[in-house]
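Colleague: Pasting work.txt below, which is compact mmCIF, C-alpha atoms (C1' of nucleotides).
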```
# COMPACT_ATOMS: atom_id res chain seq x y z
CA MET A 9 -29.93 -21.33 -0.15
CA HIS A 10 -26.84 -22.51 -1.89
CA ALA A 11 -24.41 -20.28 -3.75
CA GLU A 12 -25.26 -18.61 -7.06
CA GLY A 13 -24.57 -20.59 -10.17
CA SER A 14 -22.33 -17.93 -11.60
CA ASP A 15 -18.95 -19.63 -11.23
CA GLU A 16 -17.93 -22.49 -13.46
CA THR A 17 -14.20 -22.97 -12.95
CA LYS A 18 -13.82 -25.37 -15.81
CA GLU A 19 -10.51 -25.34 -17.63
CA GLY A 20 -11.83 -25.06 -21.16
CA GLY A 21 -14.55 -22.43 -21.06
CA GLU A 22 -15.25 -18.92 -19.95
CA GLN A 23 -17.37 -17.98 -17.01
CA LEU A 24 -20.95 -18.91 -17.75
CA HIS A 25 -23.95 -17.62 -15.85
CA GLY A 26 -27.51 -18.75 -15.23
CA ILE A 27 -30.39 -16.58 -16.21
CA GLY A 28 -30.99 -15.50 -12.61
CA ALA A 29 -27.45 -14.22 -12.21
CA VAL A 30 -27.67 -12.30 -15.49
CA ALA A 31 -30.97 -10.80 -14.47
CA ALA A 32 -29.50 -9.71 -11.15
CA GLN A 33 -26.39 -8.23 -12.74
CA THR A 34 -28.21 -6.33 -15.46
CA GLY A 35 -31.36 -5.33 -13.64
CA VAL A 36 -33.69 -6.84 -16.20
CA SER A 37 -36.15 -9.64 -15.48
CA GLU A 38 -35.70 -13.24 -16.49
CA ARG A 39 -38.79 -12.88 -18.63
CA THR A 40 -37.11 -10.04 -20.48
CA LEU A 41 -34.05 -12.18 -21.21
CA ARG A 42 -36.24 -14.97 -22.56
CA TYR A 43 -38.15 -12.41 -24.60
CA TYR A 44 -34.94 -11.05 -26.08
CA GLU A 45 -34.07 -14.55 -27.11
CA GLU A 46 -37.56 -15.10 -28.50
CA ILE A 47 -37.23 -12.17 -30.90
CA GLY A 48 -33.66 -13.07 -31.83
CA LEU A 49 -32.03 -10.22 -29.99
CA LEU A 50 -29.88 -12.18 -27.57
CA THR A 51 -29.20 -15.90 -27.80
CA PRO A 52 -27.28 -17.29 -24.81
CA ARG A 53 -23.82 -18.53 -25.64
CA ASP A 54 -24.59 -22.06 -24.56
CA HIS A 55 -27.08 -24.40 -22.95
CA SER A 56 -26.60 -26.99 -20.24
CA PRO A 57 -27.28 -30.61 -21.24
CA GLY A 58 -30.60 -30.28 -19.47
CA GLY A 59 -31.56 -27.29 -21.61
CA MET A 60 -30.84 -24.40 -19.26
CA ARG A 61 -29.51 -21.13 -20.63
CA ARG A 62 -25.84 -20.37 -20.05
CA TYR A 63 -24.84 -16.78 -20.70
CA CYS A 64 -21.25 -15.57 -21.14
CA SER A 65 -19.98 -12.11 -20.22
CA GLU A 66 -20.37 -10.88 -23.78
CA ASP A 67 -24.04 -11.73 -23.48
CA ILE A 68 -24.23 -9.60 -20.36
CA ASP A 69 -22.52 -6.75 -22.17
CA ARG A 70 -25.08 -7.09 -24.89
CA VAL A 71 -27.95 -6.85 -22.43
CA ARG A 72 -26.45 -3.65 -21.08
CA ARG A 73 -26.05 -2.32 -24.60
CA ILE A 74 -29.66 -3.11 -25.40
CA ARG A 75 -30.79 -1.14 -22.36
CA GLU A 76 -28.47 1.70 -23.31
CA LEU A 77 -29.92 1.90 -26.79
CA GLN A 78 -33.40 1.79 -25.29
CA THR A 79 -33.01 4.42 -22.60
CA LEU A 80 -30.49 6.75 -24.22
CA MET A 81 -31.45 6.57 -27.86
CA GLY A 82 -35.09 5.65 -27.42
CA PHE A 83 -34.86 2.84 -29.97
CA ASN A 84 -37.33 0.01 -30.06
CA LEU A 85 -36.10 -3.56 -30.03
CA GLU A 86 -36.36 -3.95 -33.77
CA GLU A 87 -34.13 -0.97 -34.36
CA ILE A 88 -31.77 -2.25 -31.71
CA ARG A 89 -31.67 -5.59 -33.45
CA SER A 90 -30.33 -4.05 -36.63
CA VAL A 91 -27.80 -1.93 -34.76
CA ILE A 92 -26.56 -4.96 -32.85
CA ALA A 93 -26.40 -6.94 -36.06
CA ALA A 94 -24.19 -4.31 -37.69
CA GLU A 95 -21.96 -4.18 -34.64
CA SER A 96 -21.67 -7.93 -34.56
CA ARG A 97 -20.64 -8.01 -38.18
CA LEU A 98 -17.89 -5.53 -37.41
CA ASN A 99 -16.75 -7.51 -34.42
CA THR A 100 -16.36 -10.67 -36.46
CA LEU A 101 -14.49 -8.79 -39.15
CA ARG A 102 -11.32 -10.86 -39.22
CA GLU A 103 -12.89 -14.27 -39.36
CA ASP A 104 -15.34 -13.18 -42.00
CA PHE A 105 -12.55 -11.90 -44.20
CA ARG A 106 -10.50 -15.07 -43.79
CA SER A 107 -13.24 -17.61 -44.06
CA SER A 108 -15.14 -16.02 -46.88
CA SER A 109 -14.30 -16.79 -50.45
CA ASP A 110 -16.48 -14.01 -51.77
CA SER A 111 -14.40 -11.10 -50.58
CA ASP A 112 -16.06 -8.43 -52.65
CA HIS A 113 -19.41 -9.19 -51.19
CA GLN A 114 -17.91 -9.27 -47.71
CA ARG A 115 -16.41 -5.85 -48.19
CA GLU A 116 -19.79 -4.50 -49.17
CA VAL A 117 -21.32 -6.01 -46.09
CA LEU A 118 -18.69 -4.52 -43.83
CA ASP A 119 -18.94 -1.15 -45.50
CA ALA A 120 -22.65 -1.22 -44.87
CA ALA A 121 -22.07 -2.13 -41.24
CA LEU A 122 -19.60 0.71 -40.84
CA GLN A 123 -22.07 3.06 -42.43
CA ALA A 124 -24.77 1.90 -40.03
CA LEU A 125 -22.46 2.61 -37.12
CA ASP A 126 -21.77 6.04 -38.57
CA GLU A 127 -25.45 6.75 -38.85
CA LEU A 128 -25.82 5.78 -35.24
CA ARG A 129 -23.15 8.33 -34.38
CA ASP A 130 -25.03 10.95 -36.33
CA ALA A 131 -28.21 10.10 -34.50
CA ALA A 132 -26.42 10.35 -31.16
CA ARG A 133 -24.92 13.71 -32.07
CA ALA A 134 -28.28 15.01 -33.22
CA LYS A 135 -29.88 13.89 -30.00
CA ILE A 136 -27.16 15.53 -27.93
CA ALA A 137 -27.59 18.77 -29.85
CA ALA A 138 -31.35 18.70 -29.38
CA LEU A 139 -30.94 18.00 -25.69
CA GLN A 140 -28.50 20.86 -25.31
CA GLY A 141 -31.01 23.19 -26.86
CA PHE A 142 -33.65 21.80 -24.58
CA LEU A 143 -31.40 22.31 -21.57
CA ALA A 144 -30.51 25.85 -22.58
CA ASP A 145 -34.20 26.64 -22.73
CA LEU A 146 -34.70 25.07 -19.33
CA ASP A 147 -31.82 27.05 -17.86
CA GLU A 148 -33.27 30.26 -19.19
CA ARG A 149 -36.72 29.55 -17.85
CA PHE A 150 -35.36 28.47 -14.52
CA ALA A 151 -33.30 31.63 -14.13
CA ARG A 152 -36.22 33.81 -15.12
CA HIS A 153 -38.64 32.19 -12.72
CA ARG A 154 -36.15 32.22 -9.91
CA ARG A 155 -35.53 35.91 -10.48
CA ARG A 156 -39.23 36.63 -10.39
CA LEU A 157 -39.69 34.64 -7.26
CA GLU A 158 -36.82 36.44 -5.55
CA GLU A 159 -38.25 39.80 -6.51
CA LEU A 160 -41.58 38.96 -5.03
CA GLN A 161 -39.85 37.56 -2.01
CA ALA A 162 -37.84 40.76 -1.57
CA ALA A 163 -41.01 42.79 -1.83
CA ARG A 164 -42.62 40.69 0.87
CA ASP A 165 -39.55 40.95 3.07
CA ALA A 166 -39.47 44.70 2.68
CA LYS A 167 -43.11 44.93 3.56
CA GLU A 168 -42.64 42.85 6.67
CA GLU A 169 -39.59 44.84 7.68
CA HIS A 170 -41.52 48.00 7.13
CA GLY A 171 -44.56 46.74 9.03
CA MET B 17 -63.24 23.78 -50.00
CA HIS B 18 -63.58 26.77 -47.80
CA ALA B 19 -60.75 28.26 -45.80
CA GLU B 20 -59.28 26.54 -42.74
CA GLY B 21 -60.91 27.30 -39.46
CA SER B 22 -57.72 28.65 -38.00
CA ASP B 23 -58.47 32.35 -38.26
CA GLU B 24 -60.95 33.94 -35.96
CA THR B 25 -60.46 37.67 -36.38
CA LYS B 26 -62.70 38.53 -33.49
CA GLU B 27 -61.75 41.59 -31.54
CA GLY B 28 -61.80 40.03 -28.12
CA GLY B 29 -59.92 36.75 -28.39
CA GLU B 30 -56.68 35.25 -29.57
CA GLN B 31 -56.31 33.06 -32.61
CA LEU B 32 -58.11 29.81 -32.03
CA HIS B 33 -57.64 26.66 -34.03
CA GLY B 34 -59.65 23.56 -34.79
CA ILE B 35 -58.33 20.16 -33.93
CA GLY B 36 -57.41 19.45 -37.54
CA ALA B 37 -55.25 22.55 -37.82
CA VAL B 38 -53.48 21.71 -34.57
CA ALA B 39 -52.86 18.18 -35.72
CA ALA B 40 -51.42 19.42 -39.00
CA GLN B 41 -49.20 21.99 -37.31
CA THR B 42 -47.82 19.65 -34.68
CA GLY B 43 -47.67 16.42 -36.62
CA VAL B 44 -49.74 14.45 -34.13
CA SER B 45 -53.08 12.85 -34.94
CA GLU B 46 -56.44 14.16 -33.85
CA ARG B 47 -56.88 11.00 -31.86
CA THR B 48 -53.70 11.83 -29.97
CA LEU B 49 -54.99 15.29 -29.12
CA ARG B 50 -58.24 13.84 -27.82
CA TYR B 51 -56.27 11.28 -25.88
CA TYR B 52 -54.13 13.97 -24.29
CA GLU B 53 -57.30 15.66 -23.21
CA GLU B 54 -58.73 12.37 -21.95
CA ILE B 55 -55.83 11.87 -19.57
CA GLY B 56 -55.81 15.49 -18.48
CA LEU B 57 -52.61 16.42 -20.26
CA LEU B 58 -53.95 19.07 -22.58
CA THR B 59 -57.37 20.67 -22.32
CA PRO B 60 -58.20 23.00 -25.20
CA ARG B 61 -58.53 26.62 -24.22
CA ASP B 62 -62.12 26.83 -25.30
CA HIS B 63 -65.01 25.10 -27.00
CA SER B 64 -67.38 26.37 -29.64
CA PRO B 65 -71.04 26.57 -28.64
CA GLY B 66 -71.55 23.37 -30.57
CA GLY B 67 -68.93 21.58 -28.49
CA MET B 68 -65.96 21.67 -30.82
CA ARG B 69 -62.47 22.02 -29.43
CA ARG B 70 -60.79 25.38 -29.88
CA TYR B 71 -57.05 25.40 -29.23
CA CYS B 72 -54.97 28.51 -28.66
CA SER B 73 -51.31 28.91 -29.56
CA GLU B 74 -50.23 28.07 -26.02
CA ASP B 75 -51.99 24.76 -26.46
CA ILE B 76 -49.99 24.16 -29.60
CA ASP B 77 -46.80 24.99 -27.75
CA ARG B 78 -47.78 22.49 -25.13
CA VAL B 79 -48.28 19.77 -27.69
CA ARG B 80 -44.80 20.44 -29.00
CA ARG B 81 -43.42 20.38 -25.50
CA ILE B 82 -45.10 17.06 -24.81
CA ARG B 83 -43.50 15.56 -27.90
CA GLU B 84 -40.16 17.02 -26.85
CA LEU B 85 -40.36 15.47 -23.44
CA GLN B 86 -41.35 12.18 -25.04
CA THR B 87 -38.70 11.95 -27.70
CA LEU B 88 -35.81 13.74 -26.02
CA MET B 89 -36.26 12.76 -22.40
CA GLY B 90 -38.06 9.50 -22.94
CA PHE B 91 -40.74 10.36 -20.41
CA ASN B 92 -44.12 8.72 -20.43
CA LEU B 93 -47.26 10.82 -20.41
CA GLU B 94 -47.71 10.52 -16.67
CA GLU B 95 -44.24 11.92 -15.99
CA ILE B 96 -44.88 14.61 -18.56
CA ARG B 97 -48.10 15.49 -16.80
CA SER B 98 -46.27 16.30 -13.58
CA VAL B 99 -43.59 18.27 -15.38
CA ILE B 100 -46.19 20.29 -17.24
CA ALA B 101 -48.08 20.84 -14.04
CA ALA B 102 -45.01 22.29 -12.36
CA GLU B 103 -44.30 24.52 -15.34
CA SER B 104 -47.88 25.70 -15.42
CA ARG B 105 -47.70 26.62 -11.79
CA LEU B 106 -44.64 28.70 -12.52
CA ASN B 107 -46.31 30.35 -15.47
CA THR B 108 -49.26 31.45 -13.38
CA LEU B 109 -46.94 32.76 -10.71
CA ARG B 110 -48.05 36.36 -10.71
CA GLU B 111 -51.78 35.78 -10.57
CA ASP B 112 -51.36 33.19 -7.91
CA PHE B 113 -49.35 35.54 -5.76
CA ARG B 114 -51.85 38.32 -6.16
CA SER B 115 -55.02 36.38 -5.78
CA SER B 116 -53.90 34.16 -2.96
CA SER B 117 -54.36 35.20 0.58
CA ASP B 118 -52.25 32.33 1.89
CA SER B 119 -48.88 33.56 0.68
CA ASP B 120 -46.79 31.18 2.74
CA HIS B 121 -48.48 28.20 1.21
CA GLN B 122 -48.12 29.70 -2.24
CA ARG B 123 -44.42 30.16 -1.73
CA GLU B 124 -44.08 26.52 -0.82
CA VAL B 125 -45.94 25.51 -3.93
CA LEU B 126 -43.77 27.67 -6.12
CA ASP B 127 -40.61 26.47 -4.44
CA ALA B 128 -41.69 22.96 -5.17
CA ALA B 129 -42.39 23.83 -8.78
CA LEU B 130 -39.00 25.47 -9.14
CA GLN B 131 -37.38 22.43 -7.60
CA ALA B 132 -39.20 20.19 -10.05
CA LEU B 133 -37.92 22.28 -12.91
CA ASP B 134 -34.43 22.05 -11.44
CA GLU B 135 -34.69 18.28 -11.25
CA LEU B 136 -35.69 18.25 -14.88
CA ARG B 137 -32.54 20.22 -15.66
CA ASP B 138 -30.49 17.69 -13.72
CA ALA B 139 -32.11 14.86 -15.64
CA ALA B 140 -31.38 16.58 -18.93
CA ARG B 141 -27.76 17.17 -17.95
CA ALA B 142 -27.37 13.57 -16.86
CA LYS B 143 -28.80 12.36 -20.12
CA ILE B 144 -26.50 14.60 -22.10
CA ALA B 145 -23.51 13.33 -20.17
CA ALA B 146 -24.53 9.72 -20.68
CA LEU B 147 -25.06 10.34 -24.38
CA GLN B 148 -21.67 11.99 -24.67
CA GLY B 149 -20.05 8.96 -23.13
CA PHE B 150 -22.05 6.77 -25.46
CA LEU B 151 -20.95 8.84 -28.43
CA ALA B 152 -17.30 8.81 -27.38
CA ASP B 153 -17.44 5.05 -27.23
CA LEU B 154 -19.07 4.97 -30.66
CA ASP B 155 -16.41 7.26 -32.08
CA GLU B 156 -13.68 5.06 -30.73
CA ARG B 157 -15.19 1.90 -32.07
CA PHE B 158 -15.88 3.48 -35.41
CA ALA B 159 -12.28 4.68 -35.80
CA ARG B 160 -10.90 1.34 -34.74
CA HIS B 161 -13.05 -0.65 -37.15
CA ARG B 162 -12.39 1.71 -39.98
CA ARG B 163 -8.65 1.40 -39.39
CA ARG B 164 -8.86 -2.36 -39.42
CA LEU B 165 -10.92 -2.40 -42.55
CA GLU B 166 -8.49 -0.09 -44.29
CA GLU B 167 -5.56 -2.25 -43.26
CA LEU B 168 -7.20 -5.32 -44.68
CA GLN B 169 -8.13 -3.40 -47.78
CA ALA B 170 -4.55 -2.22 -48.21
CA ALA B 171 -3.34 -5.79 -47.86
CA ARG B 172 -5.75 -6.93 -50.53
CA ASP B 173 -4.80 -4.08 -52.82
CA ALA B 174 -1.10 -4.91 -52.43
CA LYS B 175 -1.80 -8.54 -53.21
CA GLU B 176 -3.73 -7.64 -56.33
CA GLU B 177 -1.04 -5.24 -57.45
CA HIS B 178 1.58 -7.89 -56.86
CA GLY B 179 -0.35 -10.65 -58.58
C1' DC C 10 -30.58 -40.07 -3.06
C1' DG C 11 -33.81 -36.88 -1.54
C1' DG C 12 -35.18 -32.18 -1.11
C1' DT C 13 -35.14 -27.50 -2.40
C1' DA C 14 -33.95 -23.79 -5.32
C1' DA C 15 -33.42 -22.51 -10.01
C1' DT C 16 -35.05 -22.91 -14.47
C1' DC C 17 -37.88 -24.66 -18.18
C1' DT C 18 -42.00 -24.25 -21.53
C1' DT C 19 -46.62 -22.75 -22.47
C1' DA C 20 -49.89 -19.58 -22.48
C1' DC C 21 -52.76 -16.06 -21.20
C1' DG C 22 -52.86 -11.06 -19.07
C1' DT C 23 -51.45 -6.13 -18.86
C1' DT C 24 -50.20 -1.48 -19.84
C1' DG C 25 -49.33 2.68 -22.44
C1' DA C 26 -50.27 5.16 -26.36
C1' DC C 27 -52.58 5.45 -29.50
C1' DG C 28 -55.47 3.50 -34.40
C1' DT C 29 -59.79 2.74 -36.46
C1' DA C 30 -64.57 2.35 -37.40
C1' DA C 31 -69.48 3.76 -36.84
C1' DA C 32 -72.92 6.86 -36.39
C1' DC C 33 -74.25 11.12 -35.18
C1' DC C 34 -73.50 16.81 -35.10
C1' DA C 35 -71.69 21.65 -36.61
C1' DG C 36 -70.88 25.33 -39.45
C1' DA C 37 -69.85 27.82 -43.72
C1' DG C 38 -70.87 28.18 -48.89
C1' DG C 39 -73.88 28.28 -52.51
C1' DC D 13 -82.27 24.83 -47.06
C1' DC D 14 -79.06 21.48 -48.47
C1' DT D 15 -74.70 19.75 -48.78
C1' DC D 16 -70.06 18.96 -47.75
C1' DT D 17 -66.17 19.01 -44.88
C1' DG D 18 -64.59 18.78 -40.40
C1' DG D 19 -65.67 17.46 -35.77
C1' DT D 20 -67.92 14.66 -31.92
C1' DT D 21 -68.60 10.60 -28.85
C1' DT D 22 -68.33 5.70 -28.06
C1' DA D 23 -66.13 1.74 -28.26
C1' DC D 24 -63.48 -1.89 -29.69
C1' DG D 25 -58.65 -3.13 -31.86
C1' DT D 26 -53.59 -3.12 -31.89
C1' DC D 27 -48.78 -3.37 -30.97
C1' DA D 28 -44.58 -3.59 -28.35
C1' DA D 29 -42.56 -5.09 -24.32
C1' DC D 30 -42.97 -7.33 -21.16
C1' DG D 31 -45.74 -9.56 -16.37
C1' DT D 32 -47.62 -13.52 -14.30
C1' DA D 33 -49.14 -18.05 -13.30
C1' DA D 34 -48.97 -23.26 -13.73
C1' DG D 35 -46.86 -27.34 -13.94
C1' DA D 36 -42.93 -29.97 -15.30
C1' DT D 37 -37.73 -30.44 -15.21
C1' DT D 38 -32.97 -29.73 -13.87
C1' DA D 39 -29.28 -28.69 -10.83
C1' DC D 40 -26.84 -28.65 -6.77
C1' DC D 41 -26.21 -29.69 -1.63
C1' DG D 42 -25.96 -32.37 2.21
```
Show me the file's structure as structure tokens.
Modeller:
Amino acid sequence: MHAEGSDETKEGGEQLHGIGAVAAQTGVSERTLRYYEEIGLLTPRDHSPGGMRRYCSEDIDRVRRIRELQTLMGFNLEEIRSVIAAESRLNTLREDFRSSSDSDHQREVLDAALQALDELRDAARAKIAALQGFLADLDERFARHRRRLEELQAARDAKEEHG
Amino acid sequence: MHAEGSDETKEGGEQLHGIGAVAAQTGVSERTLRYYEEIGLLTPRDHSPGGMRRYCSEDIDRVRRIRELQTLMGFNLEEIRSVIAAESRLNTLREDFRSSSDSDHQREVLDAALQALDELRDAARAKIAALQGFLADLDERFARHRRRLEELQAARDAKEEHG
DNA sequence: CGGTAATCTTACGTTGACGTAAACCAGAGG
DNA sequence: CCTCTGGTTTACGTCAACGTAAGATTACCG
């Protein structure tokens, strides 16, 4: 077993990683990474001359974000795709503004992306609020049941002490 | 069109509802209700002599709870089944304590149910905390991007005013 | 330069959570 | 009694999100 193919100390580029390393670091399967690529959710930064996927650290961040949006927000991959797309547009804001000749259109696009991000915040806040209500209900039920159990327990203890 | 089969003003029993009424009230399909029954997640309180499902209001509450655990906690129906089972055990606490001769065993069961409920609370709290971190990150990113967009917009406005 | 581990493509399988269609009952109203 | 709406069982279909297996190819290591 030789070392992992995670380190590429070339002068020009960033650290690139093989699919196995990415899978290990993110906890998803290699199949899942290929599937994400298949549906256009995550395209590796580069490929080796032989055709092997080379992921950069941003790609790894994106995998983690995908999982976050899945587990925390309960989004499906299609919804996640649009969220990621909006975020990507915001992250390439400067270049888009410089390179584009059609600035009005670009502003509309970026406004839409910002609005999408805002809607995501709203969704997150709504979910937090709902979960807090859910938790409050749980707390109440827990306290009530525990009280009842303790009462019955005290009754039993008293009976045993008495007997 | 005669009236809905939701009202059964019989002296003895509670209000029972047909599967269509339950579906309408909870927003799930009839198929879903039958499926929940199929996997032992929700058995209707009663059946008509002809074999038709008769749900009580507790059943409706349970449907809503199932959806809550699905959408808020992201549980699958198997996980929900165990949660519901624990809650049911707690809800039948009194009868169980009375009817059971083996009180020690019953206490163990109830302790376990209480612990399950407590673990659910922990899970909810963890999810809330994670979502709050997620939201804080979103807020930060949103503010940052909005600032940048406004700066660029101001620059463009100044240029237009100047030219 | 050879061997072994990692990765590739292709393609079919699986699982959960239902949807949908067919053909047969149930029950209230007229 | 008939009809009409709502309900029943049975069974096959579907869709997302992967799992899994096969066989070929690439990459690194000594």
Colleague: Could you check which residues have any atom within 12 Å of (-37.0, -30.0, 1.0), counting all atoms listed in the file with coordinates taken straight from the file, and then list them as a ChimeraX atom specification?
Modeller: /A:9 /C:11-14 /D:41-42
Colleague: Generate a file of the selected residues that holds C-alpha atoms (C1' of nucleotides), formatted as a PDB file, keeping the file's coordinate frame.
Modeller:
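Generated output (result-v6.pdb):
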```pdb
ATOM      1  CA  MET A   9     -29.930 -21.330  -0.150  1.00  0.00           C
TER       2      MET A   9
ATOM      3  C1'  DG C  11     -33.810 -36.880  -1.540  1.00  0.00           C
ATOM      4  C1'  DG C  12     -35.180 -32.180  -1.110  1.00  0.00           C
ATOM      5  C1'  DT C  13     -35.140 -27.500  -2.400  1.00  0.00           C
ATOM      6  C1'  DA C  14     -33.950 -23.790  -5.320  1.00  0.00           C
TER       7       DA C  14
ATOM      8  C1'  DC D  41     -26.210 -29.690  -1.630  1.00  0.00           C
ATOM      9  C1'  DG D  42     -25.960 -32.370   2.210  1.00  0.00           C
TER      10       DG D  42
END
```
Colleague: Return as lines of an AutoDock Vina configuration file the centre and edge lengths, in Å with one decimal, of the box along x, y and z that encloses every atom of stretch 13-28 of chain D in the file, padded by 3 Å per side.
Modeller:
```
center_x = -63.4
center_y = 10.6
center_z = -38.4
size_x = 43.7
size_y = 34.4
size_z = 26.7
```
Colleague: Name the residues, using the chain letters and numbers of the file, that sit within 12 Å of (-28.3, -10.5, -14.5) when counting only C-alpha atoms (C1' of nucleotides), and give them as JSON, numbers by chain.
Modeller: {"A": [12, 13, 14, 24, 25, 26, 27, 28, 29, 30, 31, 32, 33, 34, 35, 36, 37, 38, 39, 40, 41, 62, 63, 64, 65, 67, 68, 69, 70, 71, 72]}
Colleague: Find the spatial neighbours of D:DT32, counting all atoms listed in the file, within a cut-off of 12 Å - ignore same-chain residues fewer than 6 positions away - and output them as a CSV table (one decimal) with C-alpha atoms (C1' of nucleotides), in the frame of the given file.
Modeller:
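Saved file part14.csv follows:
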```csv
chain,number,residue,atom,x,y,z
A,39,ARG,CA,-38.8,-12.9,-18.6
C,20,DA,C1',-49.9,-19.6,-22.5
C,21,DC,C1',-52.8,-16.1,-21.2
C,22,DG,C1',-52.9,-11.1,-19.1
C,23,DT,C1',-51.4,-6.1,-18.9
```
Colleague: Which of these residues is nearest to chain A, using only C-alpha atoms (C1' of nucleotides): D:DT15, D:DT37, D:DT21, D:DT26?
Modeller: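 Among the listed residues, the smallest separation from chain A belongs to D:DT37.
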Colleague: Report, in Å to a single decimal, how far apart atom CA of B:Phe150 and atom CA of A:Gln123 are.
Modeller: 17.4 Å
Colleague: Taking only C-alpha atoms into account and nothing else, which residues of chain A lie no more than 8 Å away from chain B? Please answer as a count of residues only.
Modeller: 21
Colleague: Enumerate as a count of residues only the residues belonging to chain C that approach chain A to within 8 Å, with only C-alpha atoms (C1' of nucleotides) taken into account.
Modeller: 4
Colleague: Near chain B, meaning an atom within 9 Å, which residues of chain D appear when counting all atoms listed in the file? Write them as a PDB file with C-alpha atoms (C1' of nucleotides), in the frame of the given file.
Modeller:
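Written out: iface-v3.pdb:
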```
ATOM      1  C1'  DC D  16     -70.060  18.960 -47.750  1.00  0.00           C
ATOM      2  C1'  DT D  17     -66.170  19.010 -44.880  1.00  0.00           C
ATOM      3  C1'  DG D  18     -64.590  18.780 -40.400  1.00  0.00           C
ATOM      4  C1'  DG D  19     -65.670  17.460 -35.770  1.00  0.00           C
ATOM      5  C1'  DT D  20     -67.920  14.660 -31.920  1.00  0.00           C
TER       6       DT D  20
END
```
Colleague: With the input short on atoms, add N, CA, C and O atoms back to stretch 57-68 of chain A and write it as an mmCIF file, in the frame of the given file.
Modeller:
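Just written: rebuild.cif:
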```
data_model
loop_
_atom_site.group_PDB
_atom_site.id
_atom_site.type_symbol
_atom_site.label_atom_id
_atom_site.label_comp_id
_atom_site.auth_asym_id
_atom_site.auth_seq_id
_atom_site.Cartn_x
_atom_site.Cartn_y
_atom_site.Cartn_z
ATOM 1 N N PRO A 57 -26.692 -29.403 -20.646
ATOM 2 C CA PRO A 57 -27.280 -30.610 -21.240
ATOM 3 C C PRO A 57 -28.778 -30.715 -20.961
ATOM 4 O O PRO A 57 -29.535 -31.216 -21.788
ATOM 5 N N GLY A 58 -29.189 -30.220 -19.814
ATOM 6 C CA GLY A 58 -30.600 -30.280 -19.470
ATOM 7 C C GLY A 58 -31.452 -29.221 -20.151
ATOM 8 O O GLY A 58 -32.669 -29.220 -20.016
ATOM 9 N N GLY A 59 -30.810 -28.288 -20.867
ATOM 10 C CA GLY A 59 -31.560 -27.290 -21.610
ATOM 11 C C GLY A 59 -31.621 -25.927 -20.941
ATOM 12 O O GLY A 59 -32.425 -25.078 -21.349
ATOM 13 N N MET A 60 -30.804 -25.694 -19.947
ATOM 14 C CA MET A 60 -30.840 -24.400 -19.260
ATOM 15 C C MET A 60 -29.861 -23.420 -19.885
ATOM 16 O O MET A 60 -28.756 -23.788 -20.266
ATOM 17 N N ARG A 61 -30.295 -22.163 -19.947
ATOM 18 C CA ARG A 61 -29.510 -21.130 -20.630
ATOM 19 C C ARG A 61 -28.225 -20.811 -19.876
ATOM 20 O O ARG A 61 -28.249 -20.602 -18.667
ATOM 21 N N ARG A 62 -27.141 -20.731 -20.613
ATOM 22 C CA ARG A 62 -25.840 -20.370 -20.050
ATOM 23 C C ARG A 62 -25.314 -19.150 -20.787
ATOM 24 O O ARG A 62 -24.983 -19.239 -21.972
ATOM 25 N N TYR A 63 -25.275 -18.036 -20.073
ATOM 26 C CA TYR A 63 -24.840 -16.780 -20.700
ATOM 27 C C TYR A 63 -23.360 -16.540 -20.397
ATOM 28 O O TYR A 63 -22.872 -16.843 -19.297
ATOM 29 N N CYS A 64 -22.638 -15.985 -21.364
ATOM 30 C CA CYS A 64 -21.250 -15.570 -21.140
ATOM 31 C C CYS A 64 -21.235 -14.058 -20.865
ATOM 32 O O CYS A 64 -22.269 -13.385 -20.918
ATOM 33 N N SER A 65 -20.059 -13.533 -20.601
ATOM 34 C CA SER A 65 -19.980 -12.110 -20.220
ATOM 35 C C SER A 65 -20.284 -11.199 -21.420
ATOM 36 O O SER A 65 -20.782 -10.093 -21.222
ATOM 37 N N GLU A 66 -19.988 -11.674 -22.600
ATOM 38 C CA GLU A 66 -20.370 -10.880 -23.780
ATOM 39 C C GLU A 66 -21.879 -10.734 -23.859
ATOM 40 O O GLU A 66 -22.385 -9.683 -24.261
ATOM 41 N N ASP A 67 -22.577 -11.800 -23.492
ATOM 42 C CA ASP A 67 -24.040 -11.730 -23.480
ATOM 43 C C ASP A 67 -24.511 -10.658 -22.503
ATOM 44 O O ASP A 67 -25.454 -9.906 -22.794
ATOM 45 N N ILE A 68 -23.863 -10.616 -21.366
ATOM 46 C CA ILE A 68 -24.230 -9.600 -20.360
ATOM 47 C C ILE A 68 -23.962 -8.208 -20.892
ATOM 48 O O ILE A 68 -24.783 -7.294 -20.727
#
```
